[in-house]
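File shown: data_34.txt. Contents: compact mmCIF, C-alpha atoms.
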```
# COMPACT_ATOMS: atom_id res chain seq x y z
CA MET A 1 16.13 11.18 -9.08
CA LYS A 2 18.88 8.70 -9.80
CA ARG A 3 17.99 5.82 -7.54
CA LEU A 4 14.28 5.42 -8.36
CA VAL A 5 15.28 2.95 -11.00
CA PRO A 6 13.01 0.86 -13.25
CA LEU A 7 13.98 -2.33 -11.35
CA ALA A 8 11.68 -1.35 -8.51
CA LEU A 9 9.03 0.79 -10.19
CA ALA A 10 9.09 -0.03 -13.91
CA VAL A 11 5.96 -2.11 -13.52
CA PHE A 12 3.98 1.12 -13.25
CA LEU A 13 5.33 2.39 -16.55
CA LEU A 14 3.24 -0.47 -17.96
CA ALA A 15 0.27 0.54 -15.84
CA PRO A 16 -2.43 -0.36 -18.40
CA SER A 17 -1.28 -3.98 -18.28
CA ILE A 18 -1.10 -4.11 -14.49
CA VAL A 19 -3.84 -1.77 -13.22
CA ARG A 20 -7.42 -2.39 -14.24
CA ALA A 21 -8.92 0.18 -16.61
CA ASP A 22 -11.84 0.98 -14.31
CA GLU A 23 -9.34 2.14 -11.67
CA ALA A 24 -8.01 4.93 -13.91
CA THR A 25 -8.04 8.64 -13.16
CA ALA A 26 -10.48 9.98 -10.62
CA THR A 27 -10.46 13.65 -11.69
CA LEU A 28 -9.43 15.75 -14.65
CA HIS A 29 -5.92 16.20 -13.27
CA GLY A 30 -5.69 12.76 -11.71
CA PRO A 31 -6.03 11.76 -8.06
CA THR A 32 -4.07 13.68 -5.45
CA LEU A 33 -1.47 12.44 -3.00
CA GLU A 34 -2.32 12.87 0.70
CA LEU A 35 -0.15 12.86 3.82
CA GLU A 36 -1.88 9.65 4.89
CA HIS A 37 -0.58 7.97 1.73
CA LEU A 38 3.14 8.42 2.40
CA ASP A 39 3.58 5.07 4.13
CA LEU A 40 1.77 3.35 1.23
CA LEU A 41 4.07 4.54 -1.54
CA PRO A 42 5.34 1.64 -3.69
CA LEU A 43 9.01 2.26 -2.97
CA GLY A 44 11.75 -0.10 -1.91
CA GLU A 45 13.50 0.65 1.36
CA PHE A 46 16.59 2.08 -0.29
CA GLU A 47 14.63 3.96 -2.94
CA ARG A 48 12.77 5.74 -0.15
CA GLU A 49 16.07 6.43 1.61
CA ASP A 50 17.64 7.80 -1.58
CA PHE A 51 14.65 10.02 -2.27
CA ARG A 52 15.06 11.60 1.17
CA LYS A 53 18.73 12.29 0.45
CA GLU A 54 18.03 13.74 -2.99
CA HIS A 55 15.08 15.86 -1.81
CA PRO A 56 15.97 16.75 1.81
CA LYS A 57 13.90 19.95 2.06
CA LEU A 58 10.78 18.37 0.58
CA SER A 59 11.14 15.25 2.73
CA LYS A 60 11.71 17.19 5.97
CA ARG A 61 8.81 19.53 5.27
CA LEU A 62 6.39 16.68 4.68
CA GLN A 63 7.68 14.77 7.70
CA SER A 64 7.30 17.86 9.88
CA LEU A 65 3.76 18.57 8.67
CA ALA A 66 2.71 14.95 9.14
CA SER A 67 4.16 14.92 12.66
CA ARG A 68 2.50 18.19 13.66
CA ILE A 69 -0.88 17.15 12.28
CA GLY A 70 -0.61 13.77 14.00
CA GLY A 71 0.14 15.43 17.33
CA LEU A 72 -2.79 17.83 16.99
CA GLU A 73 -5.19 15.04 16.03
CA LYS A 74 -4.09 13.10 19.10
CA LYS A 75 -4.80 16.16 21.26
CA LEU A 76 -8.20 16.52 19.58
CA GLN A 77 -9.09 12.92 20.43
CA GLY A 78 -8.25 13.61 24.08
CA THR A 79 -10.36 16.77 24.23
CA ASP A 80 -13.38 16.37 26.51
CA LYS A 81 -15.67 18.84 24.74
CA LYS A 82 -15.65 18.04 21.02
CA ASP A 83 -17.62 21.20 20.26
CA GLY A 84 -15.69 23.38 22.70
CA GLU A 85 -13.42 26.29 21.90
CA ALA A 86 -10.22 24.23 22.33
CA ALA A 87 -11.47 21.59 19.89
CA LYS A 88 -12.41 24.26 17.34
CA LYS A 89 -8.94 25.79 17.52
CA LEU A 90 -7.33 22.38 17.05
CA ARG A 91 -9.49 21.63 14.01
CA ALA A 92 -8.71 25.01 12.50
CA GLU A 93 -4.97 24.48 12.93
CA ILE A 94 -5.18 20.97 11.47
CA SER A 95 -7.07 22.36 8.46
CA ARG A 96 -4.47 25.11 8.00
CA LEU A 97 -1.58 22.63 8.11
CA ARG A 98 -3.32 20.33 5.63
CA THR A 99 -3.71 23.22 3.24
CA GLU A 100 -0.04 24.03 3.76
CA ALA A 101 0.80 20.44 2.83
CA ASP A 102 -0.97 20.65 -0.56
CA ALA A 103 1.98 22.24 -2.39
CA PRO A 104 4.75 19.88 -1.16
CA LEU A 105 2.46 16.87 -1.77
CA ALA A 106 1.84 18.03 -5.34
CA GLU A 107 5.62 18.41 -5.76
CA LEU A 108 6.18 14.89 -4.42
CA ARG A 109 3.55 13.46 -6.76
CA ALA A 110 5.17 15.23 -9.72
CA GLU A 111 8.58 13.81 -8.74
CA LEU A 112 7.24 10.26 -8.51
CA LEU A 113 4.89 10.18 -11.50
CA PRO A 114 7.68 9.90 -14.12
CA HIS A 115 8.99 6.91 -12.20
CA GLY A 116 5.73 5.02 -12.36
CA LEU A 117 3.44 6.21 -9.56
CA ALA A 118 0.35 5.47 -11.66
CA ASP A 119 -3.05 7.07 -11.10
CA GLY A 120 -4.51 3.63 -10.43
CA ILE A 121 -2.29 3.23 -7.37
CA LEU A 122 -3.17 6.74 -6.15
CA VAL A 123 -6.86 5.85 -6.43
CA GLN A 124 -6.23 2.70 -4.44
CA MET A 125 -4.37 4.71 -1.78
CA ALA A 126 -7.40 6.99 -1.45
CA ARG A 127 -9.47 3.87 -0.70
CA ALA A 128 -7.00 2.51 1.84
CA PRO A 129 -8.66 1.17 4.99
CA LYS A 130 -8.17 2.80 8.37
CA GLY A 131 -7.51 1.32 11.77
CA GLN A 132 -5.83 -1.90 12.80
CA GLY A 133 -3.37 -3.38 10.26
CA ARG A 134 -3.91 -0.52 7.79
CA VAL A 135 -0.77 -1.12 5.70
CA GLU A 136 -1.28 -4.88 5.65
CA ARG A 137 -4.95 -4.61 4.71
CA TYR A 138 -4.17 -2.10 1.96
CA SER A 139 -1.55 -4.52 0.61
CA HIS A 140 -4.11 -7.33 0.46
CA GLN A 141 -6.38 -5.22 -1.75
CA LEU A 142 -3.60 -4.73 -4.30
CA VAL A 143 -4.06 -8.35 -5.39
CA LEU A 144 -7.31 -7.36 -7.08
CA LEU A 145 -5.50 -4.70 -9.15
CA LEU A 146 -3.46 -7.34 -10.96
CA ALA A 147 -4.25 -7.85 -14.60
CA GLY A 148 -4.78 -11.36 -15.85
CA LEU A 149 -6.47 -12.80 -12.77
CA ASP A 150 -8.64 -15.66 -13.96
CA ALA A 151 -12.13 -16.29 -12.60
CA SER A 152 -11.01 -18.72 -9.89
CA GLN A 153 -8.20 -16.46 -8.66
CA ARG A 154 -10.46 -13.41 -8.55
CA ALA A 155 -13.26 -15.29 -6.80
CA ILE A 156 -10.91 -16.52 -4.06
CA PHE A 157 -9.49 -13.10 -3.23
CA GLU A 158 -12.75 -11.18 -3.61
CA ARG A 159 -14.06 -13.41 -0.82
CA VAL A 160 -10.96 -13.77 1.36
CA ILE A 161 -9.77 -10.14 1.44
CA PRO A 162 -12.89 -8.80 3.24
CA GLU A 163 -12.74 -11.77 5.61
CA VAL A 164 -9.13 -11.04 6.50
CA ASP A 165 -10.09 -7.38 7.03
CA GLY A 166 -12.84 -8.54 9.36
CA ALA A 167 -10.40 -10.76 11.26
CA TYR A 168 -8.15 -7.76 11.94
CA LEU A 169 -11.00 -5.56 13.14
CA SER A 170 -12.60 -8.32 15.21
CA ALA A 171 -9.28 -9.15 16.90
CA LYS A 172 -8.74 -5.46 17.68
CA ALA A 173 -12.21 -5.07 19.20
CA LEU A 174 -11.81 -8.23 21.30
CA HIS A 175 -8.32 -7.13 22.36
CA ASP A 176 -9.56 -3.74 23.57
CA ARG A 177 -12.55 -5.15 25.49
CA THR A 178 -10.43 -7.89 27.05
CA GLN A 179 -7.69 -5.41 27.98
CA LEU A 180 -10.21 -3.18 29.76
CA ALA A 181 -11.61 -6.13 31.71
CA LEU A 182 -8.14 -7.40 32.65
CA GLU A 183 -6.95 -3.98 33.78
CA GLN A 184 -10.00 -3.67 36.02
CA SER A 185 -9.32 -7.15 37.42
CA GLY A 186 -6.12 -6.00 39.11
CA LEU A 187 -3.86 -8.51 37.36
CA GLU A 188 -0.22 -7.47 37.09
CA LYS A 189 0.82 -5.91 33.78
CA ARG A 190 3.04 -8.84 32.73
CA LYS A 191 0.16 -11.31 32.98
CA VAL A 192 -2.20 -8.96 31.16
CA GLN A 193 0.25 -8.66 28.26
CA GLY A 194 0.65 -12.43 28.16
CA ILE A 195 -3.08 -12.93 27.75
CA LEU A 196 -3.42 -10.17 25.15
CA TYR A 197 -0.61 -11.70 23.09
CA GLY A 198 -3.12 -14.26 21.82
CA PHE A 199 -4.97 -11.60 19.83
CA ARG A 200 -1.77 -10.38 18.19
CA ARG A 201 -0.85 -13.96 17.46
CA GLN A 202 -4.17 -14.57 15.71
CA THR A 203 -3.76 -11.61 13.34
CA SER A 204 -0.19 -12.75 12.68
CA VAL A 205 -1.41 -16.23 11.72
CA VAL A 206 -4.11 -14.82 9.43
CA GLU A 207 -1.60 -12.44 7.82
CA THR A 208 0.82 -15.27 7.09
CA ARG A 209 -2.01 -17.48 5.81
CA PHE A 210 -3.10 -14.75 3.39
CA TRP A 211 0.35 -14.48 1.82
CA ARG A 212 0.73 -18.24 1.68
CA LEU A 213 -2.57 -18.34 -0.22
CA VAL A 214 -1.13 -15.73 -2.61
CA ASP A 215 1.94 -17.97 -3.03
CA TYR A 216 -0.21 -20.98 -3.91
CA VAL A 217 -2.87 -19.36 -6.08
CA LEU A 218 -1.03 -16.71 -8.14
CA GLU A 219 1.52 -17.31 -10.87
CA ASP A 220 5.11 -16.12 -10.47
CA ASP A 221 4.74 -13.19 -12.88
CA GLN A 222 1.64 -12.04 -11.01
CA LYS A 223 3.41 -12.28 -7.65
CA ALA A 224 6.43 -10.35 -8.95
CA ALA A 225 4.12 -7.60 -10.30
CA LEU A 226 2.35 -7.48 -6.93
CA TRP A 227 5.69 -7.10 -5.12
CA GLU A 228 6.35 -3.92 -7.13
CA MET A 229 3.09 -2.40 -5.87
CA LEU A 230 3.66 -3.13 -2.19
CA PRO A 231 4.45 -0.37 0.34
CA THR A 232 7.97 -0.19 1.73
CA ARG A 233 7.18 -1.98 4.98
CA MET A 234 5.72 -4.98 3.16
CA ARG A 235 8.76 -5.51 0.92
CA ARG A 236 10.50 -7.83 3.34
CA HIS A 237 11.14 -11.52 2.89
CA ALA A 238 10.95 -14.00 5.72
CA THR A 239 14.19 -16.08 5.88
CA PRO A 240 15.70 -14.33 2.81
CA GLN A 241 18.97 -16.29 2.96
CA ASP A 242 17.14 -19.62 2.78
CA HIS A 243 15.10 -18.37 -0.16
CA VAL A 244 18.24 -17.37 -2.07
CA PHE A 245 19.69 -20.89 -1.97
CA ALA A 246 16.41 -22.31 -3.33
CA LEU A 247 16.20 -19.94 -6.30
CA PRO A 248 16.15 -21.57 -9.76
CA GLY A 249 19.52 -22.19 -11.39
CA VAL A 250 21.77 -21.20 -8.46
CA VAL A 251 25.24 -22.48 -9.39
CA PRO A 252 28.13 -23.35 -7.03
CA SER A 253 29.98 -20.10 -7.66
CA GLN A 254 26.89 -18.12 -6.67
CA GLY A 255 26.38 -20.26 -3.59
CA ALA A 256 29.98 -19.74 -2.50
CA ARG A 257 29.70 -15.97 -2.94
CA VAL A 258 26.43 -15.83 -1.00
CA LYS A 259 27.88 -17.87 1.87
CA ALA A 260 30.96 -15.65 1.98
CA LEU A 261 28.73 -12.56 2.00
CA ILE A 262 26.66 -13.93 4.90
CA THR A 263 29.81 -14.64 6.91
CA GLU A 264 31.12 -11.14 6.19
CA LEU A 265 27.84 -9.49 7.19
CA GLU A 266 27.58 -11.42 10.44
CA ALA A 267 31.14 -10.47 11.43
CA GLU A 268 30.76 -6.80 10.42
CA GLY A 269 27.38 -6.31 12.05
CA ALA A 270 27.88 -8.20 15.33
CA PRO A 271 29.55 -5.34 17.28
CA ASP A 272 26.91 -2.77 16.30
CA ARG A 273 24.01 -5.15 16.99
CA ALA A 274 25.46 -5.77 20.45
CA LEU A 275 25.87 -2.01 20.95
CA VAL A 276 22.25 -1.32 20.00
CA ASN A 277 21.01 -3.99 22.42
CA ARG A 278 23.25 -2.68 25.19
CA THR A 279 22.21 0.96 24.80
CA ARG A 280 18.53 0.00 24.52
CA ALA A 281 18.74 -1.92 27.80
CA ALA A 282 20.59 0.93 29.52
CA MET A 283 18.03 3.51 28.38
CA ARG A 284 15.21 1.59 30.09
CA ASP A 285 16.55 2.96 33.37
CA LYS A 286 14.11 5.76 34.22
CA GLY A 287 16.63 7.30 36.61
CA LEU A 288 19.31 7.72 33.94
CA PRO A 289 20.74 11.28 33.87
CA LYS A 290 19.74 13.38 30.87
CA GLU A 291 23.31 13.73 29.58
CA GLU A 292 23.96 9.98 29.73
CA ARG A 293 20.65 9.24 27.99
CA ALA A 294 21.54 11.66 25.19
CA ALA A 295 24.99 10.08 24.78
CA LEU A 296 23.48 6.58 24.63
CA ALA A 297 20.87 7.72 22.09
CA ARG A 298 23.65 9.18 19.93
CA GLU A 299 25.62 5.92 20.10
CA GLN A 300 22.51 3.99 19.16
CA ARG A 301 21.75 6.23 16.16
CA GLU A 302 25.32 5.90 14.89
CA ALA A 303 25.25 2.12 15.29
CA ASN A 304 21.89 1.88 13.52
CA ALA A 305 23.24 4.03 10.67
CA ARG A 306 26.18 1.65 10.25
CA LEU A 307 23.84 -1.34 10.30
CA GLN A 308 21.62 0.30 7.68
CA ALA A 309 24.66 0.92 5.47
CA LEU A 310 25.61 -2.74 5.90
CA LYS A 311 22.08 -3.74 4.95
CA ARG A 312 22.29 -1.69 1.77
CA TYR A 313 25.65 -3.26 0.95
CA ALA A 314 24.11 -6.72 1.39
CA HIS A 315 21.20 -5.80 -0.89
CA GLU A 316 23.45 -4.48 -3.65
CA ALA A 317 25.98 -7.31 -3.34
CA THR A 318 23.22 -9.93 -3.55
CA HIS A 319 21.83 -8.30 -6.69
CA GLU A 320 25.29 -8.45 -8.25
CA ILE A 321 25.49 -12.18 -7.50
CA LEU A 322 22.03 -13.15 -8.76
CA THR A 323 20.83 -13.16 -12.36
CA ASP A 324 17.85 -11.09 -13.51
CA ALA A 325 15.73 -14.24 -13.63
CA GLN A 326 16.67 -15.10 -10.05
CA ILE A 327 15.89 -11.57 -8.85
CA HIS A 328 12.50 -11.91 -10.56
CA ALA A 329 11.96 -15.25 -8.79
CA MET A 330 12.85 -13.62 -5.46
CA LYS A 331 10.22 -10.94 -6.04
CA ALA A 332 7.71 -13.72 -6.70
CA ILE A 333 8.05 -14.79 -3.05
CA PRO A 334 5.34 -12.94 -1.10
CA PRO A 335 6.08 -11.24 2.23
CA ARG A 336 5.70 -13.27 5.45
CA VAL A 337 6.25 -16.56 3.56
CA SER A 338 9.25 -18.41 5.00
CA MET A 339 11.19 -21.23 3.41
CA ASN A 340 9.62 -23.56 5.98
CA ASP A 341 6.19 -22.47 4.74
CA ARG A 342 7.20 -23.39 1.20
CA ARG A 343 8.51 -26.79 2.34
CA ARG A 344 5.23 -27.93 3.91
CA ASP A 345 3.66 -30.78 2.00
CA GLY A 346 0.00 -31.01 1.07
CA ARG A 347 -0.95 -33.24 3.99
CA ARG A 348 0.26 -30.68 6.52
CA VAL A 349 -1.18 -27.73 4.61
CA LEU A 350 -4.66 -29.30 4.48
CA GLU A 351 -4.58 -31.15 7.81
CA GLY A 352 -7.95 -31.36 9.55
CA MET A 353 -10.03 -30.63 6.44
CA THR A 354 -12.86 -33.05 5.52
CA PHE A 355 -13.40 -33.78 1.83
CA THR A 356 -16.42 -35.12 -0.07
CA ALA A 357 -16.11 -38.21 -2.23
CA ALA A 358 -15.95 -36.04 -5.37
CA GLN A 359 -13.22 -33.92 -3.80
CA GLN A 360 -11.30 -37.05 -2.80
CA ASP A 361 -11.42 -38.29 -6.40
CA ARG A 362 -10.11 -34.98 -7.71
CA MET A 363 -7.42 -34.90 -4.99
CA GLU A 364 -6.29 -38.39 -5.97
CA VAL A 365 -5.67 -37.23 -9.55
CA LEU A 366 -3.54 -34.36 -8.25
CA ARG A 367 -1.73 -36.68 -5.81
CA GLY A 368 -0.84 -38.88 -8.79
CA GLU A 369 0.82 -35.91 -10.46
CA GLY A 370 2.59 -35.14 -7.20
CA ARG A 371 3.87 -38.72 -6.88
CA LYS A 372 5.39 -38.51 -10.36
CA ALA A 373 7.21 -35.31 -9.41
CA ALA A 374 8.32 -36.87 -6.10
CA ARG A 375 9.75 -39.92 -7.89
CA ALA A 376 11.66 -37.70 -10.29
CA TYR A 377 13.03 -35.72 -7.33
CA ARG A 378 14.11 -38.88 -5.46
CA ASP A 379 15.82 -40.26 -8.57
CA ARG A 380 17.68 -37.02 -9.10
CA MET A 381 18.76 -36.84 -5.45
CA GLN A 382 19.96 -40.44 -5.60
CA ASP A 383 22.12 -39.59 -8.61
CA ILE A 384 23.55 -36.57 -6.79
CA ARG A 385 24.36 -38.70 -3.72
CA LYS A 386 26.14 -41.26 -5.91
CA GLU A 387 28.24 -38.51 -7.49
CA SER A 388 29.14 -37.05 -4.09
CA GLY A 389 30.05 -40.38 -2.49
CA ASP A 390 33.81 -39.87 -2.71
CA VAL A 391 33.78 -36.08 -2.37
CA GLY A 392 35.32 -34.52 0.74
CA PRO A 393 33.12 -32.25 2.91
CA ASP A 394 35.27 -29.15 2.30
CA SER A 395 36.03 -29.68 -1.37
CA PRO A 396 34.73 -27.44 -4.20
CA GLN A 397 32.91 -30.48 -5.59
CA MET A 398 30.85 -30.71 -2.39
CA MET A 399 29.65 -27.13 -2.91
CA MET A 400 28.56 -28.15 -6.40
CA MET A 401 26.67 -31.13 -4.99
CA GLU A 402 24.96 -28.91 -2.41
CA MET A 403 23.85 -26.46 -5.07
CA MET A 404 22.57 -29.29 -7.27
CA SER A 405 20.61 -30.65 -4.30
CA ALA A 406 19.18 -27.20 -3.51
CA SER A 407 18.19 -26.74 -7.15
CA ALA A 408 16.44 -30.12 -7.21
CA ARG A 409 14.57 -29.31 -3.98
CA GLY A 410 13.58 -25.90 -5.35
CA GLU A 411 12.12 -27.43 -8.50
CA ALA A 412 10.23 -30.07 -6.50
CA LEU A 413 8.79 -27.40 -4.18
CA ALA A 414 7.70 -25.33 -7.19
CA VAL A 415 5.72 -28.31 -8.50
CA GLN A 416 4.22 -28.80 -5.03
CA ARG A 417 3.10 -25.15 -4.91
CA LEU A 418 1.48 -25.47 -8.33
CA LEU A 419 -0.45 -28.56 -7.23
CA LEU A 420 -1.56 -26.93 -3.97
CA GLY A 421 -2.67 -23.90 -5.96
CA ARG A 422 -4.85 -26.18 -8.07
CA VAL A 423 -6.35 -27.67 -4.90
CA PHE A 424 -7.34 -24.20 -3.65
CA ARG A 425 -8.65 -23.15 -7.06
CA GLU A 426 -10.27 -26.34 -8.35
CA VAL A 427 -11.14 -28.58 -5.38
CA LEU A 428 -11.91 -26.67 -2.20
CA THR A 429 -15.22 -24.95 -1.57
CA PRO A 430 -15.23 -21.20 -0.82
CA GLY A 431 -15.97 -22.03 2.82
CA GLN A 432 -12.97 -24.35 3.04
CA VAL A 433 -10.66 -21.72 1.54
CA SER A 434 -11.98 -19.14 4.01
CA GLY A 435 -11.58 -21.55 6.91
CA TRP A 436 -8.02 -22.28 5.91
CA ALA A 437 -7.20 -18.57 5.63
CA MET A 438 -8.59 -18.00 9.13
CA GLY A 439 -6.43 -20.83 10.52
CA LEU A 440 -9.18 -23.39 11.15
CA TYR A 441 -7.37 -26.07 9.16
CA GLY A 442 -3.84 -27.03 8.37
CA ASP A 443 -0.58 -26.49 10.21
CA ARG A 444 0.09 -23.69 12.72
CA ARG A 445 -3.41 -23.68 14.19
```

Rewritten as structure tokens:
Amino acid sequence: MKRLVPLALAVFLLAPSIVRADEATATLHGPTLELEHLDLLPLGEFEREDFRKEHPKLSKRLQSLASRIGGLEKKLQGTDKKDGEAAKKLRAEISRLRTEADAPLAELRAELLPHGLADGILVQMARAPKGQGRVERYSHQLVLLLAGLDASQRAIFERVIPEVDGAYLSAKALHDRTQLALEQSGLEKRKVQGILYGFRRQTSVVETRFWRLVDYVLEDDQKAALWEMLPTRMRRHATPQDHVFALPGVVPSQGARVKALITELEAEGAPDRALVNRTRAAMRDKGLPKEERAALAREQREANARLQALKRYAHEATHEILTDAQIHAMKAIPPRVSMNDRRRDGRRVLEGMTFTAAQQDRMEVLRGEGRKAARAYRDRMQDIRKESGDVGPDSPQMMMMEMMSASARGEALAVQRLLLGRVFREVLTPGQVSGWAMGLYGDRR
């Protein structure tokens, strides 16, 4: 398997240093891989894609079995008599298909084990939650698998992770009850969806808050190790282009290449993005003839394939531009955390929170450290502005000044994150941390 390279999974080759010892093997032959685990595999998007290409029969067989079992389970849920003959037949067929899946799942596990799919992760998959936000909630629990968590870090996440789980389940229950009441009220569908959006918004806020807390409280090496454990869907950065320019040590030549790449990608992808939007809108027409719908679907698949190829090109080109240290720093940026999130200062992050006198004293010490860093940043920016005073806006020197400014901002923001992490770990009470994670305090309430 050529593309399952150490860059994305090597962390599991060092499993004893990453996965806690008490999460080791569950049985004599190690834990098994189940169909329900496939979306939790710690693979990058392109690693997963390459695996499908290199193992087409295995991938198609598993996909087919998962699809058939999913369809039968949906039918079973809709069966009126759970103990009736129809339900029994459905259960028997589901059981037969699950048995049929044992061999290809064992083959998949054997293919992935040499590339770092450690038993500790398989055990964690077996414990994955069900229901609303399953992949997200599973990803939260991976934090507690990290080695080297100190007492304050562990205490924060042992408390917050169940609370975030509860927020997901509570929002789902409230959403369903409210939806039933609204549908019975006779309101038009558009208004019903507008009201229900609030529940989705709340879980989105809590999800972002969780990963911002990870960004503040964990060290970069811990966050990079966590990134390697995340499922495919969670390995996405918010505002990735902005993050790249704020990476440590980005030099003008790198900045110029990244900007040129962005321009190229926008130009190459624009026609296909427009085509996808156009075909999607056309296919909403319920009266569309079958032949036309099929032709539009084919156009859309082809356009999406070209966009995916362009996405892969962007990924590989970016990795050629960045250094290993910068790639590591990029992995240390948790999912859902935008560059705007990282720019927020302490006052906005902690807005609305009431502190005791003792907390205020401790905060003042940390603010003093922050003021020193802020003065150093202002002095550096002033020097950069002096150097760029006579530089033309389109000159190569201006690019150098921009990169120097971005580097200075990145370093200042790193200090700010460290200080905020100390606030969460050393100053706030457990209740305040929980309240912040739930969105009771701070920005974006």

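Remark: for Gln153 (chain A), the closest of the candidate residues A:Asp242, A:Glu219, A:Asp345, A:Asp443 is A:Glu219 (distances computed over all atoms listed in the file).
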
Checklist entry - With distances taken over all atoms listed in the file, which of A:Arg200, A:Arg159, A:Arg257, A:Arg61 is nearest to Gly435 (chain A)? => result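 For Gly435 (chain A), the nearest of the candidates is A:Arg159.
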
Checklist entry - Taking only C-alpha atoms into account, which of A:Ile156, A:Val276, A:Val423, A:Ala408 comes nearest Phe245 (chain A)? => result A:Ala408

Item to check | One-decimal distance in Å that lies between CA of His243 (chain A) and CA of Ser152 (chain A) | outcome: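 A separation of 27.9 Å between them.
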
Which residues come within 9 Å of region 270-272 of chain A, counting only C-alpha atoms, excluding same-chain residues fewer than 3 positions away, as an mmCIF file with C-alpha atoms, in the frame of the given file?
```
data_model
loop_
_atom_site.group_PDB
_atom_site.id
_atom_site.type_symbol
_atom_site.label_atom_id
_atom_site.label_comp_id
_atom_site.auth_asym_id
_atom_site.auth_seq_id
_atom_site.Cartn_x
_atom_site.Cartn_y
_atom_site.Cartn_z
ATOM 1 C CA LEU A 265 27.840 -9.490 7.190
ATOM 2 C CA GLU A 266 27.580 -11.420 10.440
ATOM 3 C CA ALA A 267 31.140 -10.470 11.430
ATOM 4 C CA LEU A 275 25.870 -2.010 20.950
ATOM 5 C CA VAL A 276 22.250 -1.320 20.000
ATOM 6 C CA ASN A 277 21.010 -3.990 22.420
ATOM 7 C CA GLN A 300 22.510 3.990 19.160
ATOM 8 C CA GLU A 302 25.320 5.900 14.890
ATOM 9 C CA ALA A 303 25.250 2.120 15.290
ATOM 10 C CA ASN A 304 21.890 1.880 13.520
ATOM 11 C CA ARG A 306 26.180 1.650 10.250
ATOM 12 C CA LEU A 307 23.840 -1.340 10.300
#
```

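Of the listed residues A:Glu228, A:Glu411, A:Asp150, A:Glu47, the one whose atoms come nearest to Ala246 (chain A) is A:Glu411, with distances taken using only C-alpha atoms.
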